[in-house]
Every structure is written in C-alpha cells, then in structure tokens.
>>> print(open('data.txt').read())   # compact mmCIF, C-alpha atoms
# COMPACT_ATOMS: atom_id res chain seq x y z
CA MET A 98 -35.60 -14.19 7.27
CA GLU A 99 -39.19 -13.40 6.38
CA THR A 100 -40.98 -10.23 7.42
CA ILE A 101 -44.71 -9.93 6.99
CA VAL A 102 -46.08 -6.43 6.55
CA MET A 103 -49.76 -5.58 6.41
CA TYR A 104 -51.05 -2.57 4.50
CA TRP A 105 -54.77 -1.96 4.85
CA GLU A 106 -56.57 0.27 2.43
CA PRO A 107 -60.32 -0.09 2.01
CA GLN A 108 -60.23 2.12 -1.09
CA ILE A 109 -57.12 2.79 -3.15
CA LYS A 110 -55.72 6.14 -2.16
CA THR A 111 -54.02 8.79 -4.26
CA TYR A 112 -52.50 12.11 -3.26
CA GLY A 113 -54.58 13.92 -5.88
CA PHE A 114 -54.83 14.38 -9.63
CA GLN A 115 -52.98 16.93 -11.64
CA VAL A 116 -54.07 18.00 -15.10
CA VAL A 117 -51.91 19.87 -17.60
CA LYS A 118 -53.39 21.05 -20.88
CA ASN A 119 -52.14 22.58 -24.13
CA LEU A 120 -49.04 20.43 -24.28
CA ALA A 121 -47.21 19.14 -27.32
CA LEU A 122 -46.23 15.55 -28.04
CA TYR A 123 -42.99 15.16 -30.00
CA GLN A 124 -42.36 11.67 -31.36
CA TYR A 125 -38.94 10.81 -32.76
CA ARG A 126 -37.84 7.50 -34.23
CA MET A 127 -34.14 7.08 -33.57
CA PRO A 128 -31.80 4.26 -34.60
CA ALA A 129 -31.35 2.07 -31.51
CA ASP A 130 -27.56 2.16 -31.71
CA LEU A 131 -27.67 5.97 -31.63
CA PRO A 132 -25.09 6.83 -34.29
CA ALA A 133 -22.88 9.90 -33.88
CA GLU A 134 -25.27 12.41 -35.42
CA TRP A 135 -28.04 11.33 -33.06
CA MET A 136 -25.64 11.53 -30.12
CA ARG A 137 -24.95 15.12 -31.14
CA ALA A 138 -28.66 15.78 -31.59
CA ILE A 139 -29.40 14.50 -28.09
CA GLN A 140 -26.59 16.68 -26.81
CA GLN A 141 -28.45 19.64 -28.30
CA ILE A 142 -31.46 18.99 -26.10
CA GLU A 143 -29.25 19.04 -23.02
CA ASP A 144 -28.41 22.70 -23.46
CA GLY A 145 -30.71 25.34 -22.13
CA PRO A 146 -33.39 25.28 -19.47
CA ASN A 147 -35.56 22.73 -21.23
CA ARG A 148 -38.16 20.94 -19.17
CA PHE A 149 -40.42 17.99 -19.85
CA HIS A 150 -43.73 16.91 -18.39
CA LEU A 151 -43.32 13.30 -19.46
CA VAL A 152 -40.67 11.46 -21.42
CA TYR A 153 -40.71 7.80 -22.38
CA THR A 154 -39.18 5.50 -24.97
CA GLN A 155 -39.91 2.06 -26.35
CA LEU A 156 -37.55 -0.12 -28.35
CA SER A 157 -39.49 -1.19 -31.44
CA GLU A 158 -39.45 -4.46 -33.37
CA SER A 159 -37.61 -2.64 -36.16
CA PHE A 160 -34.86 -1.84 -33.65
CA GLU A 161 -35.60 1.84 -33.32
CA ILE A 162 -35.98 3.85 -30.17
CA ASN A 163 -39.36 5.56 -30.24
CA LEU A 164 -38.87 8.68 -28.16
CA ARG A 165 -41.95 10.47 -26.83
CA LEU A 166 -41.50 13.87 -25.27
CA ILE A 167 -44.45 15.78 -23.83
CA CYS A 168 -43.60 19.38 -23.10
CA GLU A 169 -44.74 22.96 -23.57
CA PRO A 170 -45.14 23.60 -27.33
CA GLU A 171 -42.63 26.45 -27.49
CA GLN A 172 -39.95 24.34 -25.79
CA GLY A 173 -40.51 21.49 -28.20
CA ALA A 174 -40.35 23.77 -31.23
CA CYS A 175 -37.02 25.11 -30.01
CA LEU A 176 -35.71 21.57 -29.54
CA THR A 177 -36.71 20.42 -33.01
CA ARG A 178 -34.86 23.39 -34.49
CA ARG A 179 -31.77 22.43 -32.53
CA ILE A 180 -31.99 18.79 -33.55
CA ALA A 181 -32.45 19.84 -37.16
CA THR A 182 -29.11 21.67 -37.04
CA GLU A 183 -27.42 18.30 -36.44
CA ILE A 184 -29.71 16.15 -38.57
CA PRO A 185 -31.43 18.15 -41.31
CA ALA A 186 -33.52 15.11 -42.25
CA ALA A 187 -34.65 14.51 -38.67
CA GLY A 188 -38.02 16.00 -39.55
CA ASP A 189 -38.75 12.83 -41.52
CA ARG A 190 -38.53 10.93 -38.26
CA LEU A 191 -40.61 13.41 -36.30
CA GLN A 192 -44.33 13.56 -35.63
CA VAL A 193 -45.84 16.38 -33.60
CA THR A 194 -49.27 16.28 -31.99
CA VAL A 195 -50.66 19.50 -30.53
CA PRO A 196 -52.46 19.93 -28.24
CA VAL A 197 -52.49 16.98 -25.88
CA GLU A 198 -53.47 16.78 -22.23
CA LEU A 199 -51.92 14.96 -19.31
CA ILE A 200 -53.45 13.72 -16.13
CA PHE A 201 -51.08 12.29 -13.56
CA PHE A 202 -51.27 11.07 -10.01
CA GLN A 203 -49.37 9.05 -7.46
CA GLY A 204 -50.14 7.02 -4.41
CA PRO A 205 -48.60 4.92 -1.64
CA HIS A 206 -46.68 1.91 -2.97
CA PHE A 207 -48.28 2.21 -6.41
CA GLY A 208 -45.26 0.63 -8.06
CA ASP A 209 -44.86 -2.07 -5.44
CA ARG A 210 -48.24 -3.76 -5.32
CA PHE A 211 -50.46 -5.56 -7.74
CA GLY A 212 -53.79 -4.34 -9.05
CA ILE A 213 -53.14 -0.62 -9.48
CA ALA A 214 -53.16 -0.67 -13.29
CA ASP A 215 -56.24 -2.89 -13.30
CA PHE A 216 -58.03 -0.53 -10.91
CA THR A 217 -57.11 2.45 -13.10
CA TYR A 218 -58.41 0.85 -16.30
CA LYS A 219 -61.61 -0.20 -14.54
CA ALA A 220 -62.13 3.37 -13.35
CA LEU A 221 -61.65 4.69 -16.88
CA LYS A 222 -64.13 2.21 -18.38
CA GLU A 223 -64.78 3.04 -22.04
CA LYS A 224 -62.80 6.28 -21.70
CA ALA A 225 -59.69 4.09 -21.89
CA ASP A 226 -60.31 4.07 -25.65
CA LEU A 227 -59.38 7.76 -25.72
CA LEU A 228 -55.91 7.22 -24.29
CA LEU A 229 -52.86 8.24 -26.30
CA ALA A 230 -50.53 6.72 -23.73
CA ALA A 231 -50.54 5.24 -20.25
CA VAL A 232 -47.29 5.16 -18.28
CA PHE A 233 -46.94 3.45 -14.90
CA ALA A 234 -43.50 3.91 -13.36
CA CYS A 235 -42.35 4.12 -9.74
CA HIS A 236 -45.31 5.40 -7.76
CA SER A 237 -46.80 7.50 -10.56
CA ILE A 238 -49.38 7.06 -13.29
CA TYR A 239 -49.44 9.34 -16.33
CA LEU A 240 -52.30 9.28 -18.81
CA MET A 241 -51.96 11.20 -22.06
CA LEU A 242 -55.22 12.21 -23.69
CA PRO A 243 -56.45 14.23 -26.66
CA GLU A 244 -57.65 17.78 -26.22
CA GLY A 245 -60.76 18.09 -24.08
CA ALA A 246 -60.61 14.64 -22.49
CA ALA A 247 -58.69 15.22 -19.27
CA ASP A 248 -61.40 16.83 -17.15
CA GLU A 249 -63.91 14.03 -17.56
CA THR A 250 -61.16 11.46 -17.06
CA ARG A 251 -60.21 13.13 -13.81
CA THR A 252 -63.85 13.04 -12.70
CA ARG A 253 -64.01 9.29 -13.32
CA LEU A 254 -60.73 8.63 -11.54
CA ALA A 255 -61.69 10.83 -8.60
CA ALA A 256 -64.87 8.81 -8.16
CA ALA A 257 -62.86 5.58 -7.91
CA PHE A 258 -59.78 6.58 -5.92
CA ARG A 259 -59.88 8.08 -2.45
CA ILE A 260 -58.21 11.45 -1.97
CA PRO A 261 -57.42 12.04 1.71
CA GLY A 262 -58.58 15.31 3.19
CA MET B 108 -22.41 17.29 -14.86
CA VAL B 109 -25.86 17.29 -13.36
CA SER B 110 -26.60 16.35 -9.78
CA ILE B 111 -28.78 13.47 -8.70
CA ASN B 112 -29.56 12.18 -5.24
CA GLY B 113 -29.65 8.51 -6.00
CA LEU B 114 -29.65 5.47 -8.26
CA LYS B 115 -31.66 2.34 -7.67
CA MET B 116 -31.37 -1.05 -9.34
CA SER B 117 -34.25 -3.51 -9.38
CA GLU B 118 -34.29 -7.24 -8.96
CA GLU B 119 -34.39 -9.38 -12.11
CA LEU B 120 -37.53 -8.88 -14.18
CA CYS B 121 -39.14 -10.26 -17.30
CA LEU B 122 -40.11 -7.87 -20.07
CA VAL B 123 -43.46 -8.50 -21.73
CA ARG B 124 -44.43 -6.94 -25.05
CA LEU B 125 -48.06 -6.81 -26.04
CA ARG B 126 -49.46 -5.62 -29.33
CA ALA B 127 -52.90 -5.04 -30.73
CA ALA B 128 -53.77 -4.04 -34.27
CA SER B 129 -56.65 -1.88 -33.12
CA ARG B 130 -56.38 0.94 -30.60
CA GLY B 131 -59.95 0.46 -29.48
CA SER B 132 -59.38 -3.06 -28.27
CA SER B 133 -59.85 -4.14 -24.68
CA LEU B 134 -56.37 -5.62 -24.68
CA MET B 135 -54.92 -3.57 -21.84
CA PRO B 136 -57.86 -3.84 -19.44
CA ALA B 137 -57.93 -7.61 -20.04
CA PHE B 138 -54.18 -7.95 -19.55
CA CYS B 139 -54.09 -5.87 -16.36
CA ASN B 140 -57.11 -7.71 -14.98
CA LEU B 141 -55.44 -11.05 -15.60
CA LEU B 142 -52.30 -9.99 -13.72
CA ALA B 143 -54.24 -8.46 -10.86
CA GLY B 144 -56.29 -11.64 -10.51
CA SER B 145 -53.08 -13.59 -9.96
CA GLN B 146 -51.57 -10.95 -7.69
CA VAL B 147 -48.77 -10.17 -10.14
CA ASN B 148 -47.29 -6.71 -9.68
CA ILE B 149 -46.33 -4.52 -12.66
CA PRO B 150 -43.39 -2.36 -11.60
CA PHE B 151 -43.13 -0.77 -15.06
CA LEU B 152 -45.67 -0.35 -17.83
CA SER B 153 -45.89 1.92 -20.85
CA ALA B 154 -48.72 1.55 -23.31
CA GLU B 155 -48.83 3.60 -26.44
CA TYR B 156 -52.02 4.01 -28.41
CA GLN B 157 -51.49 4.92 -32.06
CA ALA B 158 -53.76 4.80 -35.09
CA GLY B 159 -52.08 1.51 -36.00
CA GLY B 160 -52.78 -0.13 -32.66
CA ILE B 161 -51.37 -0.49 -29.17
CA GLN B 162 -47.72 -1.13 -28.30
CA THR B 163 -47.06 -2.05 -24.72
CA ILE B 164 -43.92 -2.80 -22.77
CA CYS B 165 -44.24 -3.93 -19.20
CA CYS B 166 -42.07 -5.69 -16.63
CA VAL B 167 -42.96 -8.30 -14.05
CA ASP B 168 -40.88 -10.20 -11.52
CA ALA B 169 -38.76 -12.84 -13.29
CA ALA B 170 -40.26 -15.52 -11.06
CA HIS B 171 -43.71 -14.70 -12.43
CA GLN B 172 -42.84 -15.47 -16.07
CA PRO B 173 -44.01 -19.14 -16.01
CA LEU B 174 -47.26 -18.15 -14.34
CA LEU B 175 -47.77 -15.33 -16.82
CA GLU B 176 -47.13 -17.63 -19.79
CA LYS B 177 -49.66 -20.07 -18.41
CA LEU B 178 -52.25 -17.37 -17.88
CA LEU B 179 -51.76 -15.78 -21.28
CA ASN B 180 -51.74 -19.12 -23.08
CA ALA B 181 -55.19 -19.68 -21.65
CA ALA B 182 -56.42 -16.29 -22.90
CA PRO B 183 -57.09 -16.53 -26.65
CA MET B 184 -57.27 -12.75 -27.04
CA LEU B 185 -53.80 -12.27 -25.59
CA GLN B 186 -51.68 -15.32 -26.38
CA GLU B 187 -50.76 -14.45 -29.98
CA ARG B 188 -49.88 -10.87 -29.17
CA VAL B 189 -47.29 -11.37 -26.50
CA GLU B 190 -43.49 -11.74 -26.45
CA TYR B 191 -41.20 -12.26 -23.49
CA THR B 192 -37.64 -11.09 -22.88
CA ALA B 193 -36.09 -12.57 -19.79
CA GLY B 194 -33.30 -10.98 -17.79
CA VAL B 195 -34.12 -7.29 -17.71
CA GLY B 196 -33.91 -4.87 -14.81
CA LEU B 197 -34.77 -1.29 -13.94
CA LEU B 198 -32.26 1.45 -13.29
CA THR B 199 -33.91 4.44 -11.64
CA LEU B 200 -32.33 7.89 -11.28
CA PHE B 201 -33.80 10.46 -8.95
CA PRO B 202 -34.81 13.19 -8.86
CA HIS B 203 -35.11 14.26 -12.50
CA GLN B 204 -36.62 17.66 -11.67
CA SER B 205 -38.06 17.67 -15.21
CA ARG B 206 -34.61 18.34 -16.62
CA LEU B 207 -34.13 17.30 -20.23
CA LYS B 208 -30.44 17.69 -19.59
CA LEU B 209 -30.50 14.70 -17.24
CA PHE B 210 -32.48 12.64 -19.72
CA GLY B 211 -30.13 13.48 -22.59
CA LEU B 212 -26.97 12.90 -20.56
CA SER B 213 -28.14 9.58 -19.19
CA LEU B 214 -29.43 8.35 -22.55
CA ARG B 215 -26.11 9.16 -24.21
CA ALA B 216 -24.10 7.63 -21.37
CA LEU B 217 -26.00 4.34 -21.61
CA ALA B 218 -25.77 4.27 -25.41
CA GLN B 219 -22.04 5.01 -25.30
CA ALA B 220 -21.63 2.08 -22.90
CA ASP B 221 -23.29 -0.05 -25.59
CA LEU B 222 -26.25 -0.89 -23.36
CA ARG B 223 -29.53 -1.84 -24.96
CA ILE B 224 -32.33 0.45 -23.79
CA PHE B 225 -35.57 -1.51 -23.94
CA ALA B 226 -37.66 1.31 -22.55
CA THR B 227 -37.57 4.49 -20.50
CA ALA B 228 -40.19 6.41 -18.55
CA SER B 229 -40.31 9.38 -16.28
CA SER B 230 -42.48 9.47 -13.19
CA VAL B 231 -43.21 12.38 -10.90
CA GLY B 232 -39.69 12.40 -9.51
CA ALA B 233 -37.62 9.70 -11.17
CA LEU B 234 -36.37 8.54 -14.53
CA THR B 235 -36.43 4.78 -15.08
CA TYR B 236 -34.54 2.78 -17.72
CA VAL B 237 -35.28 -0.84 -18.63
CA LEU B 238 -31.95 -2.51 -19.39
CA ASP B 239 -30.24 -5.91 -19.39
CA TYR B 240 -30.28 -7.11 -15.79
CA ALA B 241 -26.78 -8.58 -16.07
CA ARG B 242 -25.43 -5.15 -17.00
CA LEU B 243 -27.14 -2.96 -14.42
CA ASP B 244 -23.87 -2.42 -12.53
CA GLN B 245 -22.23 -1.27 -15.73
CA ALA B 246 -25.19 1.03 -16.41
CA ALA B 247 -24.94 2.50 -12.91
CA ALA B 248 -21.23 3.13 -13.45
CA ALA B 249 -21.98 4.91 -16.75
CA ILE B 250 -24.51 7.16 -15.01
CA LYS B 251 -22.12 7.86 -12.13
CA ALA B 252 -19.53 8.94 -14.66
CA CYS B 253 -21.79 11.63 -16.13
CA CYS B 254 -23.85 12.68 -13.11
CA LYS B 255 -22.79 13.96 -9.75
CA LEU B 256 -24.21 11.61 -7.15
CA SER B 257 -24.85 13.11 -3.72
CA ARG B 258 -22.08 12.53 -1.19
CA ASN B 259 -22.30 9.29 0.76
CA HIS B 260 -24.80 7.84 -1.70
CA ALA B 261 -24.12 4.65 -3.62
CA PRO B 262 -26.38 2.85 -6.11
CA ILE B 263 -29.01 0.88 -4.22
CA SER B 264 -29.65 -2.71 -5.20
CA ALA B 265 -32.78 -4.66 -4.38
CA GLU B 266 -31.69 -6.84 -1.49
CA PHE B 267 -34.96 -8.52 -0.66
CA ALA B 268 -37.91 -9.94 -2.52
CA ILE B 269 -41.51 -9.00 -1.87
CA ALA B 270 -44.25 -11.60 -2.10
CA GLN B 271 -47.76 -10.21 -2.07
CA GLY B 272 -51.08 -11.54 -0.94
CA THR B 273 -54.49 -10.35 0.07
CA ARG B 274 -56.19 -10.84 3.38
CA ARG B 275 -59.29 -9.23 4.71
CA ARG B 276 -58.66 -7.08 7.75
CA PRO B 277 -60.03 -8.81 10.84
CA GLY B 278 -63.22 -7.04 11.82
CA GLY B 279 -62.73 -4.46 9.08
CA LYS B 280 -64.93 -3.50 6.16
CA GLY B 281 -62.12 -3.50 3.59
>>> encode(input="data.txt", output="structure tokens")
Amino acid sequence: METIVMYWEPQIKTYGFQVVKNLALYQYRMPADLPAEWMRAIQQIEDGPNRFHLVYTQLSESFEINLRLICEPEQGACLTRRIATEIPAAGDRLQVTVPVELIFFQGPHFGDRFGIADFTYKALKEKADLLLAAVFACHSIYLMLPEGAADETRTRLAAAFRIPG
Amino acid sequence: MVSINGLKMSEELCLVRLRAASRGSSLMPAFCNLLAGSQVNIPFLSAEYQAGGIQTICCVDAAHQPLLEKLLNAAPMLQERVEYTAGVGLLTLFPHQSRLKLFGLSLRALAQADLRIFATASSVGALTYVLDYARLDQAAAAIKACCKLSRNHAPISAEFAIAQGTRRRPGGKG
C-alpha cells in the first residue's frame, strides 16, 4: 500500500534557536573494544547527577572511539578526576577545550526529509569555517563553535529559517 | 537501572565516511548540496572539525548507496575522500534527559554485547547509536536489560519506507 503525504513549507521552519556559552569540550580517545579499565571508567561517569549538553562519538580509522562530551566545565573536571582514578594515564588520551559555545535548534521532520543540512550550511555561508562540530540527529541540529561565534551564527540562521510567532 | 520511554530501530542504512585534510574546505557544503539536489535524506550526520581536517560520519538509506556512489564519483573534490559501510542501522533511546548515566550505561551494555559502535549522537531528547543493522535486535535487548522501559512499550521497528519528492503547491508561492 502506498500513502502519499504532502507537507508544504514555503520557508523551512524551526522552533527557535538556543545558545549556551562557556561550556567545556572533553575529547577522549578510547579503545573501540572498551577493555575492562575503560568499562570501569565509563561506570564512573554514571554516578552522580552529571549532565551533558551534547555527547557524540565517532569510530576512527585507527579503531578508537573518539568520545566528545560538551558539558559545564565544573562537571567535566569532576568526571576527568573520576576517570583518572580508574585509568591514571587517561589524561594522555584527553584533550580539553574551554570555552566553547553551542547553538542548537529543531524543527518539524528535520531528520526525515532531505535538504535540511544543505539549507543549514547555506545559511552559515563562510561562517561554516568556524565550526568545531555539526551534529544532525533525530529532529535536532547542534553546532559547536569557538568562543564568541554563537551570536552571529544565530543571527545568520534566524535570517534563513522561519520562527513561528 | 534508568528509565526510558522508548527504543526505536531504523531501516537499513549505509554509512558514509568523508574526510578532508583541511578544516577550511568546502567539503561539507558541497556534500550536503549534492545529496539535497538528489533528494537524498541524511537521517544521521556528525562532522568534526579539527586542526587536522574534517571527519564526518553520516547515514543514508541503503537504497541510495548506488546513487550516492554515482554522484560522488562524478565529483572530483569528494570521490577520493569517501568510504562506504553497508548494513548499518540506528538505535534510538528516548528521552535521555541529559543524563550521563544513561549514556554510560547504554555504551557499556552495547560494548559488553560485543556490538561495534560506529557512531553516537545526542539530540534534544534522544540518544542515537549507529550499529550493525543485522544486530539491532540484539542491541535493543542489551539496552532493555540495563534500562527500565516504560510499561507496555516495546522497541519500535521501521515498518514502512518513505520516498521523498518535491512538488510546488498548486496556486501557492512556495
């Protein structure tokens, strides 16, 4: 059975942009098979009221899991201390970038239709060169930027997307 | 155990890796424009910009792989920087409520089940893993074993395919 659904949108719509500043980016390189000490280290981050703003991983060519955690700086510092109790040498696999900024937004069917990423990059124009990361998952888009770049990025995006109301 | 309201499994996808040696390149805009021009949806994309260049992982419908190969082979800037991995799928847990506990538990559960994790990303409400498509059921079982799924909820599988197209609205401006 085939069902045809029409969705009309003269200008791509978002429910609004959110900006969070003064965040910390923690980058860990972990062995992809997650040996026991890394399992214990991950268990450490499960304890306590730790919150993230964005988390993503990529499996690298060298068969490592590159973990990226964007959170409040004090929470990240606490986590690295906990991980170091399990893996004293984990610091060799850690890179911290402070501060970073996040801009994120969502819209109807963003993950289900073509052209959303293209539209976003076109809206950013040359500002795309400032990106530290771009993550498109489900109906959300997260852009990670260096300090001082989020406000102008939001202005550009707001000029391209339609925000109802 | 942490509580979640649901688990969703995608249809079969193809993973595409793109690399660029320079972070200032126009690789990503060109790539996204190419896919949009052929009406290819990107249900998952993470692009990382480092001093050493750009590392991107994205997923497209498995049926789009031949079209994508054809398009990228015709784009000199892109063709030498791309790799394909067929047979992946997305497992999405929701809501994450920004809890690192859920991320840690789910990551360990999948690793303990010996599942290869190609990529992960959080969104506003959900946490998505890119895994082997053939093992999504096993992945869902591993998550169910460590998370408390809401009563009367079972993992949701994609049961229909969506084909997209563009038409101008009759009489409309759009």
>>> interface_residues(input="data.txt", of="chain B", to="chain A", cutoff="6 Å", atoms="all atoms listed in the file", output="PyMOL selection string")
chain B and resi 131+136+139-140+143+146-148+150-156+205-208+211+225-230+281
>>> closest_residue(input="data.txt", among="B:Cys166, B:Cys254, B:Ile149, B:Met135", to="Leu122 (chain B)", atoms="all atoms listed in the file")
B:Cys166
>>> atom_distance(input="data.txt", atom1="CA of Thr199 (chain B)", atom2="CA of Leu114 (chain B)")
5.5 Å
>>> residues_around(input="data.txt", residues="Lys115 (chain B)", least_positions_apart="2", cutoff="8 Å", atoms="all atoms listed in the file", output="list in words")
Gly113, Ser117, Leu197, Leu198, Thr199, Leu200, Pro262, Ile263, Ser264 and Ala265 of chain B
>>> closest_residue(input="data.txt", among="B:Ala169, B:Phe201, B:Ile164, B:Leu141", to="Ala182 (chain B)", atoms="all atoms listed in the file")
B:Leu141
>>> residues_around(input="data.txt", residues="region 247-255 of chain A", least_positions_apart="2", cutoff="9 Å", atoms="all atoms listed in the file", output="ChimeraX atom specification")
/A:113-118,198-200,217,220-222,224-225,240-245,257-260
>>> atom_distance(input="data.txt", atom1="CA of Ala186 (chain A)", atom2="CA of Gln172 (chain A)")
19.9 Å
>>> closest_residue(input="data.txt", among="B:His171, B:Arg215, B:Lys177, B:Arg130", to="Ala158 (chain B)", atoms="all atoms listed in the file")
B:Arg130
>>> atom_distance(input="data.txt", atom1="CA of Ala170 (chain B)", atom2="CA of Ala248 (chain B)")
26.8 Å
>>> closest_residue(input="data.txt", among="B:Gln172, B:Leu234, B:Ala193, B:Asp244", to="Leu214 (chain B)", atoms="only C-alpha atoms")
B:Leu234
>>> closest_residue(input="data.txt", among="B:Ser145, B:Met108, B:Val123, B:Gln186", to="Thr273 (chain B)", atoms="all atoms listed in the file")
B:Ser145
>>> closest_residue(input="data.txt", among="B:Val195, B:Ala241, B:Leu212, B:Ala233", to="Leu120 (chain B)", atoms="all atoms listed in the file")
B:Val195
>>> residues_near_point(input="data.txt", point="(-47.3, -10.2, -26.9)", cutoff="9 Å", atoms="all atoms listed in the file", output="VMD selection string")
chain B and resid 123 to 127 163 185 to 191
>>> decode(input="data.txt", residues="region 172-199 of chain A", atoms="N, CA and C atoms", output="PDB file, in the first residue's frame")
ATOM      1  N   GLN A 172      31.542  20.204  35.794  1.00  0.00           N
ATOM      2  CA  GLN A 172      31.104  18.801  35.726  1.00  0.00           C
ATOM      3  C   GLN A 172      32.153  17.965  35.008  1.00  0.00           C
ATOM      4  N   GLY A 173      32.713  18.526  33.941  1.00  0.00           N
ATOM      5  CA  GLY A 173      33.725  17.795  33.196  1.00  0.00           C
ATOM      6  C   GLY A 173      34.983  17.565  34.016  1.00  0.00           C
ATOM      7  N   ALA A 174      35.362  18.586  34.786  1.00  0.00           N
ATOM      8  CA  ALA A 174      36.573  18.449  35.613  1.00  0.00           C
ATOM      9  C   ALA A 174      36.386  17.336  36.634  1.00  0.00           C
ATOM     10  N   CYS A 175      35.199  17.268  37.194  1.00  0.00           N
ATOM     11  CA  CYS A 175      34.889  16.221  38.167  1.00  0.00           C
ATOM     12  C   CYS A 175      34.966  14.840  37.500  1.00  0.00           C
ATOM     13  N   LEU A 176      34.456  14.754  36.284  1.00  0.00           N
ATOM     14  CA  LEU A 176      34.469  13.474  35.565  1.00  0.00           C
ATOM     15  C   LEU A 176      35.889  13.018  35.244  1.00  0.00           C
ATOM     16  N   THR A 177      36.721  13.954  34.827  1.00  0.00           N
ATOM     17  CA  THR A 177      38.089  13.546  34.471  1.00  0.00           C
ATOM     18  C   THR A 177      38.820  13.036  35.700  1.00  0.00           C
ATOM     19  N   ARG A 178      38.534  13.646  36.848  1.00  0.00           N
ATOM     20  CA  ARG A 178      39.161  13.151  38.084  1.00  0.00           C
ATOM     21  C   ARG A 178      38.700  11.727  38.366  1.00  0.00           C
ATOM     22  N   ARG A 179      37.431  11.481  38.164  1.00  0.00           N
ATOM     23  CA  ARG A 179      36.900  10.136  38.422  1.00  0.00           C
ATOM     24  C   ARG A 179      37.494   9.114  37.452  1.00  0.00           C
ATOM     25  N   ILE A 180      37.578   9.508  36.196  1.00  0.00           N
ATOM     26  CA  ILE A 180      38.140   8.583  35.204  1.00  0.00           C
ATOM     27  C   ILE A 180      39.597   8.302  35.518  1.00  0.00           C
ATOM     28  N   ALA A 181      40.300   9.335  35.990  1.00  0.00           N
ATOM     29  CA  ALA A 181      41.722   9.165  36.310  1.00  0.00           C
ATOM     30  C   ALA A 181      41.931   8.198  37.473  1.00  0.00           C
ATOM     31  N   THR A 182      40.935   8.032  38.328  1.00  0.00           N
ATOM     32  CA  THR A 182      41.088   7.063  39.422  1.00  0.00           C
ATOM     33  C   THR A 182      41.132   5.642  38.870  1.00  0.00           C
ATOM     34  N   GLU A 183      40.473   5.401  37.744  1.00  0.00           N
ATOM     35  CA  GLU A 183      40.479   4.070  37.125  1.00  0.00           C
ATOM     36  C   GLU A 183      41.652   3.917  36.164  1.00  0.00           C
ATOM     37  N   ILE A 184      41.929   4.992  35.428  1.00  0.00           N
ATOM     38  CA  ILE A 184      42.991   4.937  34.415  1.00  0.00           C
ATOM     39  C   ILE A 184      43.898   6.151  34.634  1.00  0.00           C
ATOM     40  N   PRO A 185      44.942   5.993  35.433  1.00  0.00           N
ATOM     41  CA  PRO A 185      45.804   7.149  35.713  1.00  0.00           C
ATOM     42  C   PRO A 185      46.371   7.785  34.446  1.00  0.00           C
ATOM     43  N   ALA A 186      46.580   6.983  33.405  1.00  0.00           N
ATOM     44  CA  ALA A 186      47.159   7.532  32.175  1.00  0.00           C
ATOM     45  C   ALA A 186      46.102   8.050  31.207  1.00  0.00           C
ATOM     46  N   ALA A 187      44.853   8.116  31.658  1.00  0.00           N
ATOM     47  CA  ALA A 187      43.785   8.544  30.750  1.00  0.00           C
ATOM     48  C   ALA A 187      44.004   9.963  30.253  1.00  0.00           C
ATOM     49  N   GLY A 188      44.723  10.764  31.044  1.00  0.00           N
ATOM     50  CA  GLY A 188      44.985  12.140  30.647  1.00  0.00           C
ATOM     51  C   GLY A 188      45.721  12.231  29.324  1.00  0.00           C
ATOM     52  N   ASP A 189      46.489  11.180  28.999  1.00  0.00           N
ATOM     53  CA  ASP A 189      47.203  11.173  27.716  1.00  0.00           C
ATOM     54  C   ASP A 189      46.235  11.062  26.542  1.00  0.00           C
ATOM     55  N   ARG A 190      45.046  10.570  26.834  1.00  0.00           N
ATOM     56  CA  ARG A 190      44.049  10.374  25.787  1.00  0.00           C
ATOM     57  C   ARG A 190      42.952  11.432  25.862  1.00  0.00           C
ATOM     58  N   LEU A 191      43.231  12.482  26.603  1.00  0.00           N
ATOM     59  CA  LEU A 191      42.221  13.515  26.847  1.00  0.00           C
ATOM     60  C   LEU A 191      42.691  14.857  26.286  1.00  0.00           C
ATOM     61  N   GLN A 192      41.758  15.548  25.661  1.00  0.00           N
ATOM     62  CA  GLN A 192      42.002  16.921  25.231  1.00  0.00           C
ATOM     63  C   GLN A 192      40.810  17.760  25.677  1.00  0.00           C
ATOM     64  N   VAL A 193      41.086  18.864  26.331  1.00  0.00           N
ATOM     65  CA  VAL A 193      40.014  19.718  26.839  1.00  0.00           C
ATOM     66  C   VAL A 193      40.067  21.067  26.123  1.00  0.00           C
ATOM     67  N   THR A 194      38.927  21.530  25.677  1.00  0.00           N
ATOM     68  CA  THR A 194      38.840  22.847  25.034  1.00  0.00           C
ATOM     69  C   THR A 194      37.818  23.673  25.794  1.00  0.00           C
ATOM     70  N   VAL A 195      38.251  24.791  26.331  1.00  0.00           N
ATOM     71  CA  VAL A 195      37.378  25.677  27.114  1.00  0.00           C
ATOM     72  C   VAL A 195      37.691  27.122  26.723  1.00  0.00           C
ATOM     73  N   PRO A 196      36.725  27.970  26.520  1.00  0.00           N
ATOM     74  CA  PRO A 196      35.302  27.651  26.439  1.00  0.00           C
ATOM     75  C   PRO A 196      34.885  27.361  25.002  1.00  0.00           C
ATOM     76  N   VAL A 197      33.769  26.688  24.869  1.00  0.00           N
ATOM     77  CA  VAL A 197      33.134  26.518  23.560  1.00  0.00           C
ATOM     78  C   VAL A 197      31.676  26.951  23.687  1.00  0.00           C
ATOM     79  N   GLU A 198      31.049  27.178  22.552  1.00  0.00           N
ATOM     80  CA  GLU A 198      29.648  27.596  22.559  1.00  0.00           C
ATOM     81  C   GLU A 198      28.829  26.641  21.699  1.00  0.00           C
ATOM     82  N   LEU A 199      27.590  26.491  22.085  1.00  0.00           N
ATOM     83  CA  LEU A 199      26.674  25.624  21.335  1.00  0.00           C
ATOM     84  C   LEU A 199      25.485  26.437  20.866  1.00  0.00           C
TER      85      LEU A 199
END
